[in-house]
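Structure file entry34.tsv (TSV, C-alpha atoms and all ligand atoms) follows.
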```
chain	number	residue	atom	x	y	z
A	20	MET	CA	0.00	0.00	0.00
A	21	GLY	CA	3.00	2.26	0.73
A	22	LYS	CA	3.49	2.78	-2.99
A	23	PHE	CA	0.02	4.30	-3.28
A	24	ALA	CA	0.02	6.18	0.03
A	25	PRO	CA	0.60	9.68	-1.46
A	26	ALA	CA	-2.31	9.28	-3.91
A	27	LEU	CA	-4.52	7.77	-1.21
A	28	LEU	CA	-3.69	10.54	1.27
A	29	GLN	CA	-4.91	13.16	-1.18
A	30	GLN	CA	-8.31	11.45	-1.04
A	31	ALA	CA	-8.33	11.01	2.75
A	32	ALA	CA	-10.97	13.71	3.28
A	33	ASN	CA	-13.33	11.89	0.94
A	34	VAL	CA	-13.25	8.65	2.91
A	35	ILE	CA	-15.93	9.93	5.32
A	36	LYS	CA	-18.09	10.99	2.37
A	37	LEU	CA	-17.71	7.59	0.73
A	38	THR	CA	-18.63	5.58	3.79
A	39	GLY	CA	-21.58	7.85	4.64
A	40	SER	CA	-24.99	7.71	3.00
A	41	PHE	CA	-25.52	8.90	-0.58
A	42	SER	CA	-28.12	11.40	0.60
A	43	ASN	CA	-25.33	13.33	2.38
A	44	ILE	CA	-23.94	14.01	-1.10
A	45	ILE	CA	-27.18	14.94	-2.85
A	46	ASP	CA	-28.96	16.81	-0.03
A	47	GLY	CA	-29.16	20.49	-0.96
A	48	VAL	CA	-27.71	19.81	-4.42
A	49	ILE	CA	-30.53	17.86	-6.05
A	50	THR	CA	-33.81	19.65	-5.48
A	51	ASP	CA	-35.89	18.48	-8.44
A	52	PRO	CA	-38.40	16.03	-6.89
A	53	PHE	CA	-38.37	13.65	-9.86
A	54	ILE	CA	-34.57	13.37	-9.95
A	55	ARG	CA	-34.57	12.89	-6.16
A	56	ASN	CA	-37.07	10.05	-6.54
A	57	TRP	CA	-35.12	8.59	-9.44
A	58	LEU	CA	-31.91	8.52	-7.37
A	59	ASP	CA	-33.84	6.94	-4.49
A	60	LEU	CA	-35.10	4.27	-6.88
A	61	LEU	CA	-31.65	3.50	-8.29
A	62	CYS	CA	-30.21	3.25	-4.77
A	63	PHE	CA	-33.06	0.95	-3.72
A	64	LEU	CA	-32.53	-1.33	-6.70
A	65	LEU	CA	-28.81	-1.45	-5.88
A	66	SER	CA	-28.80	-1.91	-2.14
A	67	GLY	CA	-32.36	-2.60	-1.00
A	68	LEU	CA	-32.50	0.79	0.76
A	69	PRO	CA	-33.21	4.33	-0.54
A	70	ALA	CA	-30.50	7.01	-0.87
A	71	ASP	CA	-30.38	7.78	2.86
A	72	GLY	CA	-29.49	4.14	3.61
A	73	THR	CA	-27.16	3.43	0.68
A	74	ILE	CA	-23.42	3.80	1.09
A	75	ALA	CA	-22.06	6.56	-1.20
A	76	ALA	CA	-19.08	4.42	-2.30
A	77	GLU	CA	-21.40	1.88	-3.94
A	78	VAL	CA	-23.36	4.57	-5.76
A	79	ALA	CA	-20.19	6.41	-6.86
A	80	PHE	CA	-18.83	3.21	-8.32
A	81	MET	CA	-22.06	2.27	-10.10
A	82	PHE	CA	-22.94	5.76	-11.38
A	83	ALA	CA	-19.44	6.23	-12.77
A	84	ASP	CA	-20.12	3.14	-14.85
A	85	TRP	CA	-23.76	3.83	-15.80
A	86	TYR	CA	-23.23	7.43	-16.88
A	87	ARG	CA	-19.95	7.09	-18.77
A	88	PRO	CA	-20.18	8.87	-22.16
A	89	ASN	CA	-21.58	6.53	-24.85
A	90	VAL	CA	-22.23	3.85	-22.25
A	91	GLN	CA	-24.23	0.80	-23.30
A	92	LEU	CA	-26.18	-1.75	-21.33
A	93	ASP	CA	-24.51	-5.09	-21.86
A	94	TYR	CA	-26.63	-8.20	-21.71
A	95	PRO	CA	-24.89	-11.58	-21.83
A	96	LEU	CA	-25.80	-13.75	-24.82
A	97	GLY	CA	-27.22	-16.91	-23.26
A	98	GLY	CA	-28.76	-15.04	-20.32
A	99	SER	CA	-27.72	-15.41	-16.71
A	100	GLY	CA	-26.70	-19.03	-17.42
A	101	ALA	CA	-23.88	-17.62	-19.56
A	102	LEU	CA	-22.66	-15.56	-16.59
A	103	VAL	CA	-22.57	-18.68	-14.44
A	104	ASP	CA	-20.71	-20.58	-17.18
A	105	ALA	CA	-18.12	-17.78	-17.38
A	106	LEU	CA	-17.59	-17.87	-13.61
A	107	VAL	CA	-17.18	-21.64	-13.67
A	108	ARG	CA	-14.68	-21.34	-16.54
A	109	GLY	CA	-12.67	-18.86	-14.44
A	110	LEU	CA	-12.84	-21.15	-11.43
A	111	THR	CA	-11.68	-24.30	-13.21
A	112	LYS	CA	-8.99	-22.42	-15.17
A	113	HIS	CA	-7.36	-21.53	-11.87
A	114	GLY	CA	-7.53	-25.06	-10.49
A	115	GLY	CA	-10.83	-24.73	-8.62
A	116	LYS	CA	-13.52	-27.38	-8.55
A	117	LEU	CA	-17.27	-26.77	-8.39
A	118	VAL	CA	-19.38	-29.37	-6.58
A	119	LEU	CA	-23.12	-29.11	-7.18
A	120	ASN	CA	-25.96	-30.55	-5.09
A	121	ALA	CA	-23.66	-30.44	-2.10
A	122	HIS	CA	-25.55	-28.99	0.84
A	123	VAL	CA	-23.20	-28.04	3.65
A	124	GLU	CA	-24.67	-29.44	6.83
A	125	GLN	CA	-22.04	-28.15	9.22
A	126	VAL	CA	-18.71	-26.39	9.37
A	127	LEU	CA	-16.18	-28.72	11.00
A	128	VAL	CA	-14.42	-27.17	13.98
A	129	GLU	CA	-11.35	-28.68	15.63
A	130	ASN	CA	-9.26	-26.99	18.32
A	131	ASN	CA	-11.26	-23.76	17.93
A	132	ARG	CA	-10.56	-23.58	14.19
A	133	ALA	CA	-12.80	-24.15	11.15
A	134	VAL	CA	-11.09	-26.99	9.29
A	135	GLY	CA	-13.63	-28.02	6.66
A	136	VAL	CA	-17.28	-28.84	6.03
A	137	ARG	CA	-19.53	-31.84	6.32
A	138	LEU	CA	-22.07	-32.29	3.53
A	139	ARG	CA	-25.58	-33.64	3.93
A	140	SER	CA	-24.36	-36.83	2.24
A	141	GLY	CA	-21.95	-37.31	5.15
A	142	GLN	CA	-18.90	-36.54	3.01
A	143	GLU	CA	-16.31	-34.36	4.72
A	144	ILE	CA	-14.22	-31.85	2.81
A	145	ARG	CA	-11.08	-30.61	4.58
A	146	ALA	CA	-9.95	-27.01	3.99
A	147	SER	CA	-6.37	-26.43	2.96
A	148	LYS	CA	-6.44	-22.75	3.98
A	149	ALA	CA	-9.85	-21.60	5.22
A	150	VAL	CA	-13.59	-22.16	5.06
A	151	VAL	CA	-15.36	-19.28	3.25
A	152	SER	CA	-19.12	-18.92	3.40
A	153	ASN	CA	-21.11	-16.72	1.03
A	154	ALA	CA	-24.43	-17.90	2.46
A	155	SER	CA	-26.31	-15.07	4.20
A	156	VAL	CA	-25.36	-14.17	7.75
A	157	TRP	CA	-28.44	-15.92	9.15
A	158	ASP	CA	-27.88	-19.06	7.05
A	159	THR	CA	-24.16	-19.21	7.90
A	160	LEU	CA	-24.86	-19.13	11.64
A	161	LYS	CA	-26.99	-22.28	11.28
A	162	LEU	CA	-23.91	-24.15	9.97
A	163	ILE	CA	-21.64	-23.43	12.91
A	164	PRO	CA	-21.61	-25.93	15.80
A	165	GLU	CA	-23.02	-24.55	19.01
A	166	GLY	CA	-20.40	-22.96	21.22
A	167	ALA	CA	-17.87	-22.48	18.40
A	168	LEU	CA	-18.69	-18.79	18.18
A	169	PRO	CA	-19.05	-16.42	21.16
A	170	LYS	CA	-22.71	-16.14	22.27
A	171	ARG	CA	-22.66	-12.34	22.06
A	172	TYR	CA	-21.38	-12.44	18.50
A	173	VAL	CA	-24.10	-14.92	17.48
A	174	GLU	CA	-26.85	-12.80	19.08
A	175	LYS	CA	-25.53	-9.65	17.41
A	176	GLN	CA	-25.37	-11.31	13.99
A	177	GLN	CA	-28.82	-12.88	14.36
A	178	ALA	CA	-30.28	-9.47	15.21
A	179	ILE	CA	-29.09	-7.83	11.96
A	180	PRO	CA	-32.27	-6.44	10.34
A	181	GLU	CA	-33.30	-8.00	7.03
A	182	CYS	CA	-34.52	-6.43	3.78
A	183	ASP	CA	-37.88	-7.68	2.54
A	184	SER	CA	-38.23	-10.35	-0.13
A	185	PHE	CA	-39.57	-10.63	-3.69
A	186	MET	CA	-42.63	-11.60	-5.71
A	187	HIS	CA	-41.86	-13.06	-9.14
A	188	LEU	CA	-43.86	-13.64	-12.29
A	189	HIS	CA	-42.16	-15.81	-14.92
A	190	LEU	CA	-43.97	-15.86	-18.26
A	191	GLY	CA	-43.67	-17.44	-21.69
A	192	ILE	CA	-45.72	-15.49	-24.22
A	193	ASP	CA	-46.72	-15.40	-27.85
A	194	ALA	CA	-44.69	-12.56	-29.38
A	195	ALA	CA	-46.72	-12.19	-32.59
A	196	GLY	CA	-47.38	-8.57	-33.56
A	197	LEU	CA	-45.53	-6.97	-30.62
A	198	PRO	CA	-43.94	-3.60	-31.40
A	199	GLU	CA	-40.43	-3.68	-32.89
A	200	ASN	CA	-39.17	-1.30	-30.22
A	201	LEU	CA	-40.17	-3.44	-27.26
A	202	GLY	CA	-37.54	-2.76	-24.58
A	203	ILE	CA	-35.59	-5.27	-22.55
A	204	HIS	CA	-36.19	-3.51	-19.20
A	205	TYR	CA	-38.99	-1.46	-17.72
A	206	ILE	CA	-39.49	-0.17	-14.19
A	207	VAL	CA	-42.98	0.79	-13.06
A	208	VAL	CA	-43.40	2.96	-9.96
A	209	ASN	CA	-47.07	3.08	-9.02
A	210	ASP	CA	-46.96	6.06	-6.67
A	211	TRP	CA	-43.84	8.18	-6.08
A	212	ASP	CA	-45.38	9.63	-2.91
A	213	LYS	CA	-45.44	6.22	-1.22
A	214	GLY	CA	-41.66	5.91	-1.47
A	215	VAL	CA	-39.76	3.30	-3.41
A	216	THR	CA	-39.60	0.79	-0.56
A	217	ALA	CA	-43.40	0.53	-0.09
A	218	PRO	CA	-44.78	-3.00	-0.69
A	219	GLN	CA	-46.09	-3.56	-4.23
A	220	ASN	CA	-45.08	-0.05	-5.31
A	221	VAL	CA	-42.10	-0.77	-7.58
A	222	VAL	CA	-42.27	-3.44	-10.28
A	223	VAL	CA	-39.36	-4.42	-12.53
A	224	VAL	CA	-39.88	-6.05	-15.93
A	225	SER	CA	-37.20	-7.85	-17.91
A	226	ILE	CA	-37.73	-9.29	-21.41
A	227	PRO	CA	-34.29	-10.70	-22.28
A	228	SER	CA	-35.41	-12.60	-25.40
A	229	VAL	CA	-35.82	-9.16	-27.07
A	230	LEU	CA	-32.01	-9.06	-27.28
A	231	ASP	CA	-31.20	-12.76	-27.32
A	232	SER	CA	-33.59	-14.88	-29.35
A	233	SER	CA	-31.92	-18.10	-28.13
A	234	LEU	CA	-33.70	-17.64	-24.79
A	235	ALA	CA	-37.18	-18.44	-26.19
A	236	PRO	CA	-38.67	-20.60	-28.96
A	237	VAL	CA	-39.19	-18.87	-32.33
A	238	GLY	CA	-42.08	-16.39	-32.13
A	239	LYS	CA	-42.13	-16.34	-28.30
A	240	HIS	CA	-40.70	-14.19	-25.51
A	241	VAL	CA	-39.70	-14.95	-21.95
A	242	ILE	CA	-40.58	-12.33	-19.36
A	243	HIS	CA	-39.53	-11.96	-15.75
A	244	VAL	CA	-41.51	-9.48	-13.67
A	245	TYR	CA	-40.68	-8.89	-10.01
A	246	THR	CA	-41.25	-6.65	-7.05
A	247	PRO	CA	-37.68	-6.01	-5.86
A	248	GLY	CA	-37.01	-6.43	-2.16
A	249	ASN	CA	-40.35	-4.93	-1.15
A	250	GLU	CA	-42.48	-8.00	-0.38
A	251	PRO	CA	-42.79	-8.52	3.40
A	252	TYR	CA	-42.00	-12.07	4.47
A	253	ALA	CA	-44.49	-11.79	7.35
A	254	ILE	CA	-47.43	-11.95	4.90
A	255	TRP	CA	-46.24	-15.40	3.81
A	256	GLN	CA	-44.87	-16.85	7.01
A	257	GLY	CA	-46.69	-20.07	7.95
A	258	GLN	CA	-48.33	-20.46	4.53
A	259	GLU	CA	-48.22	-24.02	3.24
A	260	ARG	CA	-47.48	-24.77	-0.38
A	261	ASN	CA	-50.14	-26.94	-2.08
A	262	ARG	CA	-52.87	-25.30	0.04
A	263	GLU	CA	-55.66	-23.32	-1.62
A	264	GLU	CA	-55.11	-20.37	0.69
A	265	TYR	CA	-51.52	-20.10	-0.57
A	266	ALA	CA	-52.65	-20.28	-4.21
A	267	LEU	CA	-55.19	-17.50	-3.62
A	268	LEU	CA	-52.64	-15.29	-1.88
A	269	LYS	CA	-50.25	-15.81	-4.78
A	270	GLN	CA	-52.93	-14.74	-7.21
A	271	GLU	CA	-53.78	-11.65	-5.15
A	272	ARG	CA	-50.19	-10.49	-4.60
A	273	ALA	CA	-49.21	-11.18	-8.25
A	274	GLU	CA	-51.92	-8.88	-9.59
A	275	VAL	CA	-49.76	-5.76	-9.27
A	276	MET	CA	-47.16	-7.39	-11.56
A	277	TRP	CA	-49.76	-8.25	-14.21
A	278	GLN	CA	-51.05	-4.67	-14.08
A	279	ALA	CA	-47.56	-3.22	-14.47
A	280	LEU	CA	-46.96	-5.48	-17.47
A	281	GLU	CA	-50.27	-4.47	-19.02
A	282	ARG	CA	-48.92	-0.93	-19.25
A	283	ILE	CA	-46.25	-2.28	-21.61
A	284	ILE	CA	-48.13	-5.12	-23.36
A	285	PRO	CA	-51.86	-4.37	-22.92
A	286	ASP	CA	-53.07	-7.83	-24.07
A	287	ILE	CA	-50.47	-9.73	-22.03
A	288	ARG	CA	-52.96	-12.02	-20.26
A	289	SER	CA	-54.30	-13.46	-23.51
A	290	ARG	CA	-50.76	-13.96	-24.93
A	291	CYS	CA	-49.59	-16.03	-22.02
A	292	GLU	CA	-48.65	-19.67	-22.60
A	293	VAL	CA	-46.63	-20.29	-19.44
A	294	SER	CA	-47.05	-18.45	-16.16
A	295	LEU	CA	-45.35	-19.13	-12.82
A	296	VAL	CA	-45.67	-17.05	-9.69
A	297	GLY	CA	-42.86	-16.98	-7.10
A	298	THR	CA	-43.25	-15.73	-3.53
A	299	PRO	CA	-40.88	-15.08	-0.63
A	300	LEU	CA	-41.31	-18.78	0.19
A	301	THR	CA	-40.16	-19.73	-3.33
A	302	HIS	CA	-37.33	-17.24	-3.03
A	303	GLY	CA	-36.24	-18.67	0.30
A	304	ARG	CA	-36.47	-22.26	-0.96
A	305	PHE	CA	-34.76	-21.99	-4.34
A	306	LEU	CA	-32.17	-19.36	-3.49
A	307	ARG	CA	-31.85	-20.96	-0.05
A	308	ARG	CA	-31.89	-17.63	1.73
A	309	HIS	CA	-33.27	-16.89	5.19
A	310	HIS	CA	-36.82	-15.54	4.73
A	311	GLY	CA	-36.04	-15.10	1.02
A	312	SER	CA	-34.48	-11.78	2.04
A	313	TYR	CA	-32.62	-9.50	-0.36
A	314	GLY	CA	-29.92	-9.24	2.34
A	315	PRO	CA	-29.15	-7.28	5.49
A	316	ALA	CA	-30.89	-3.90	5.85
A	317	ILE	CA	-27.87	-2.04	7.23
A	318	ALA	CA	-28.34	1.66	6.59
A	319	ALA	CA	-25.23	3.64	5.58
A	320	GLY	CA	-24.22	6.18	8.20
A	321	LYS	CA	-25.91	4.08	10.91
A	322	GLY	CA	-23.82	0.95	10.50
A	323	LEU	CA	-21.33	-0.73	8.21
A	324	PHE	CA	-21.65	-4.20	6.74
A	325	PRO	CA	-19.38	-6.51	8.74
A	326	GLY	CA	-16.00	-7.45	7.26
A	327	GLY	CA	-15.10	-10.98	6.19
A	328	ASN	CA	-13.39	-12.06	9.42
A	329	THR	CA	-15.24	-13.95	12.14
A	330	PRO	CA	-14.21	-14.75	15.73
A	331	LEU	CA	-13.78	-18.40	14.64
A	332	SER	CA	-10.27	-18.81	13.26
A	333	GLY	CA	-10.27	-20.30	9.75
A	334	LEU	CA	-13.84	-19.15	9.00
A	335	LEU	CA	-14.28	-16.21	6.64
A	336	CYS	CA	-17.44	-14.78	5.10
A	337	CYS	CA	-18.14	-12.97	1.86
A	338	GLY	CA	-21.26	-12.19	-0.16
A	339	ASP	CA	-24.11	-9.79	0.44
A	340	SER	CA	-24.01	-10.05	4.23
A	341	THR	CA	-20.53	-8.56	4.32
A	342	PHE	CA	-18.87	-5.28	3.34
A	343	PRO	CA	-19.51	-3.53	0.96
A	344	GLY	CA	-23.05	-4.99	0.79
A	345	ILE	CA	-25.77	-6.21	-1.58
A	346	GLY	CA	-25.57	-6.47	-5.39
A	347	LEU	CA	-23.24	-8.25	-7.79
A	348	PRO	CA	-20.44	-5.64	-7.89
A	349	ALA	CA	-20.45	-5.44	-4.09
A	350	VAL	CA	-20.46	-9.20	-3.50
A	351	ALA	CA	-17.69	-9.64	-6.09
A	352	ALA	CA	-15.65	-7.05	-4.16
A	353	SER	CA	-16.28	-8.89	-0.89
A	354	GLY	CA	-15.02	-12.10	-2.50
A	355	MET	CA	-11.88	-10.28	-3.62
A	356	ILE	CA	-11.34	-8.92	-0.12
A	357	VAL	CA	-11.51	-12.42	1.35
A	358	ALA	CA	-9.26	-13.83	-1.37
A	359	ASN	CA	-6.74	-11.10	-0.51
A	360	ALA	CA	-6.99	-11.96	3.17
A	361	ILE	CA	-6.09	-15.57	2.40
A	362	ALA	CA	-3.40	-14.94	-0.24
A	363	PRO	CA	0.19	-14.35	0.93
A	364	VAL	CA	1.64	-10.81	0.68
A	365	GLN	CA	3.93	-11.95	-2.14
A	366	LYS	CA	0.83	-12.64	-4.27
A	367	HIS	CA	-0.59	-9.20	-3.44
A	368	LEU	CA	2.58	-7.50	-4.63
A	369	GLN	CA	2.61	-9.58	-7.80
A	370	TYR	CA	-1.02	-8.68	-8.49
A	371	ILE	CA	-0.47	-4.97	-7.83
A	372	SER	CA	2.49	-4.81	-10.16
A	373	GLU	CA	0.62	-6.75	-12.87
A	374	THR	CA	-2.41	-4.49	-12.58
A	375	PHE	CA	-0.87	-1.06	-12.02
A	376	GLY	CA	2.66	-1.53	-13.33
A	401	LIG	C1	-34.55	-10.83	-8.72
A	401	LIG	C2	-33.22	-10.24	-8.35
A	401	LIG	C3	-32.68	-9.26	-9.14
A	401	LIG	C4	-31.44	-8.72	-8.82
A	401	LIG	N1	-30.91	-7.78	-9.66
A	401	LIG	C5	-29.67	-7.31	-9.43
A	401	LIG	C6	-29.08	-6.40	-10.36
A	401	LIG	O1	-29.67	-6.02	-11.38
A	401	LIG	N2	-27.82	-5.96	-10.10
A	401	LIG	C7	-27.12	-6.35	-8.99
A	401	LIG	O2	-25.98	-5.94	-8.82
A	401	LIG	N3	-27.67	-7.21	-8.08
A	401	LIG	C8	-28.92	-7.70	-8.28
A	401	LIG	N4	-29.48	-8.57	-7.38
A	401	LIG	C9	-28.75	-8.89	-6.15
A	401	LIG	C10	-27.69	-9.93	-6.33
A	401	LIG	O3	-28.19	-10.98	-7.14
A	401	LIG	C11	-27.27	-10.49	-4.96
A	401	LIG	O4	-26.88	-9.45	-4.09
A	401	LIG	C12	-26.11	-11.48	-5.11
A	401	LIG	O5	-26.41	-12.51	-6.03
A	401	LIG	C13	-25.78	-12.11	-3.76
A	401	LIG	O6	-24.70	-12.98	-3.94
A	401	LIG	P1	-24.16	-13.86	-2.74
A	401	LIG	O7	-23.05	-14.68	-3.28
A	401	LIG	O8	-23.92	-13.01	-1.55
A	401	LIG	O9	-25.40	-14.78	-2.30
A	401	LIG	P2	-26.21	-15.89	-3.13
A	401	LIG	O10	-26.21	-15.55	-4.60
A	401	LIG	O11	-27.52	-16.03	-2.41
A	401	LIG	O12	-25.31	-17.20	-2.96
A	401	LIG	C14	-25.36	-17.98	-1.81
A	401	LIG	C15	-25.30	-19.41	-2.28
A	401	LIG	O13	-25.14	-20.27	-1.15
A	401	LIG	C16	-25.92	-21.43	-1.36
A	401	LIG	N5	-26.14	-22.03	-0.05
A	401	LIG	C17	-26.86	-21.56	1.00
A	401	LIG	N6	-26.82	-22.41	2.02
A	401	LIG	C18	-26.01	-23.44	1.64
A	401	LIG	C19	-25.56	-24.64	2.27
A	401	LIG	N7	-25.91	-24.94	3.51
A	401	LIG	N8	-24.76	-25.48	1.56
A	401	LIG	C20	-24.38	-25.20	0.29
A	401	LIG	N9	-24.76	-24.07	-0.35
A	401	LIG	C21	-25.57	-23.21	0.31
A	401	LIG	C22	-27.18	-20.92	-2.02
A	401	LIG	O14	-27.81	-21.98	-2.70
A	401	LIG	C23	-26.61	-19.86	-2.97
A	401	LIG	O15	-26.26	-20.42	-4.22
A	401	LIG	C24	-30.74	-9.14	-7.66
A	401	LIG	C25	-31.28	-10.12	-6.83
A	401	LIG	C26	-32.51	-10.66	-7.17
A	401	LIG	C27	-33.08	-11.74	-6.28
```
As structure tokens, how would this structure be written, given the file I've shared?
Amino acid sequence: MGKFAPALLQQAANVIKLTGSFSNIIDGVITDPFIRNWLDLLCFLLSGLPADGTIAAEVAFMFADWYRPNVQLDYPLGGSGALVDALVRGLTKHGGKLVLNAHVEQVLVENNRAVGVRLRSGQEIRASKAVVSNASVWDTLKLIPEGALPKRYVEKQQAIPECDSFMHLHLGIDAAGLPENLGIHYIVVNDWDKGVTAPQNVVVVSIPSVLDSSLAPVGKHVIHVYTPGNEPYAIWQGQERNREEYALLKQERAEVMWQALERIIPDIRSRCEVSLVGTPLTHGRFLRRHHGSYGPAIAAGKGLFPGGNTPLSGLLCCGDSTFPGIGLPAVAASGMIVANAIAPVQKHLQYISETFG
């Protein structure tokens, strides 16, 4: 770091601004109500909290990218599956191995150190350097044997407030006669006065087959509509799948997504050939996340996301429950931080000289 100290020192005064909330930066500067709302919405979609709860560093990083001159929205050919394939290619290229369908039942602890994991199948995998969990904070705690972490730490982690969950509508539709200029993304805000975090107020629509025809059969589109991080889990808690009451609640809570989509494709209901509704229970089950939550609701300025270290030696955490927070760029950064913590200093120096010369 010494090499970069002079440049870093020049920015020292900005550190407080970067770790504070984004509203500290825009308060008094942005007065137009629509732009204020728009910035709130972008922050909410990034972090699960509006501008007053979103860390300025995350917004600075993202806005610098979004508003570069001549910037374009990139969408991966092959959809999100192509992103996963690229990550797996990177992993295997560097000697890593991906094991699927391998539920970690417990982190193995010996002599007060995490030394590996035991899978549901009973198989044990020993760690050569460390055990790293990117499961959410609440899900990671469930994997640690009782007594391996200090009680106060466990209570503090368990008490971290959670963002709400999602409703999803996955559709396969007949694309005949749809306008040529159909967009890939739309965001519908029903009422700006309610605030962007209000349940059922913000609906996001994604139609990726507009850009990548391989994602749907000829003449069809796939559509994903969702209410981002604004569906309270409490409404769904205790509901049982396969019960009529659950089916009715799904229908009722999905209506807002159909209505948002009707603003873009008015005859959407009659075009539909496949329709699947997902709830916070679906979200929790398939993404295997506590309460299907978007992640911790830690407001910038009031608290910082915890770092990757834990009081249990050999156990590190990354992902959206750790600094810098929720969202792909942030979780990628948290993974890099943990990788740096594990790698020897020699590797750091090599990386710095390769990257910055
Ligand atoms: C609908 C939606 C849209 C989003 N849009 C954006 C966006 O446009 N831009 C953006 O930046 N971010 C977006 N996000 C947020 C982003 O996807 C998340 O913040 C990010 O994926 C979190 O990554 P993670 O690695 O921390 O956690 P996860 O992706 O949840 O990974 C944790 C993994 O651990 C696994 N796991 C859990 N328990 C165990 C266990 N016991 N054993 C083995 N495996 C286990 C889970 O199956 C999961 O695969 C969106 C999220 C959603 C839900």
Task: Spatial neighbours of Ala319 in chain A, max dist 8 Å, all atoms listed in the file, sep filter under 3 positions, as a ChimeraX atom specification - done: /A:38-40,71-74,322-323
Task: Contacts to ligand LIG 401 (chain A) at 9 Å cut-off (all atoms listed in the file) as a ChimeraX atom specification - done: /A:64-67,119-125,138-139,152-155,158-159,161-162,184-187,223,243-248,302,304-309,311-314,337-341,344-351,353-354
Task: Interatomic distance (Å, one decimal) between CA of Thr50 in chain A and CA of Val34 in chain A - done: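 Computing the Euclidean distance for CA of Thr50 in chain A and CA of Val34 in chain A yields 24.8 Å.
Rounded to one decimal, CA of Val364 in chain A and CA of Phe23 in chain A lie 15.7 Å from each other.
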- [ ] For CA of Gly98 in chain A and CA of Ser233 in chain A, quote the distance in Å rounded to one decimal.
- [x]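 Rounded to one decimal, the two atoms are 9.0 Å apart.
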- [ ] Using only C-alpha atoms, pick whichever of A:Gln219, A:Thr301, A:Gln176, A:Ser228 has the shortest atom-to-atom distance to Thr329 in chain A.
- [x] A:Gln176
Task: Option closest in space to Val229 in chain A, from A:Gly109, A:Gly297, A:Pro198, A:Gly320 [counting all atoms listed in the file] - done: A:Pro198
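With all atoms listed in the file as the atoms that count, the residue of A:Val208, A:Ile192, A:Ala146, A:Ala266 with the shortest distance to Val293 in chain A is A:Ile192.
For the choices A:Gly303, A:Pro88, A:Gly47, A:Pro330, the atom-to-atom distance to Arg171 in chain A is smallest for A:Pro330 when using all atoms listed in the file.
Nearest residue to Leu331 in chain A, choosing from A:Asp104, A:Asp51, A:Glu129, A:Asp46 and counting all atoms listed in the file: A:Glu129.
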Open item on the list: Considering all atoms listed in the file, can you say which of A:Pro180, A:Pro299, A:Gly327, A:Pro285 comes closest to Leu197 in chain A?
Closed with: A:Pro285
Please write out, as lines of an AutoDock Vina configuration file, where the centre of an axis-aligned box around all listed atoms of range 300-316 of chain A lies and how long its edges are, in Å to one decimal, after adding 8 Å on each side.
```
center_x = -35.2
center_y = -13.1
center_z = 0.8
size_x = 28.2
size_y = 34.4
size_z = 26.2
```
- [ ] Tell me which protein, DNA and RNA residues are within 9 Å of Val296 in chain A, counting all atoms listed in the file, leaving out same-chain ones fewer than 2 positions away, and put them as a ChimeraX atom specification.
- [x] /A:186-190,269-270,273,294,298,301
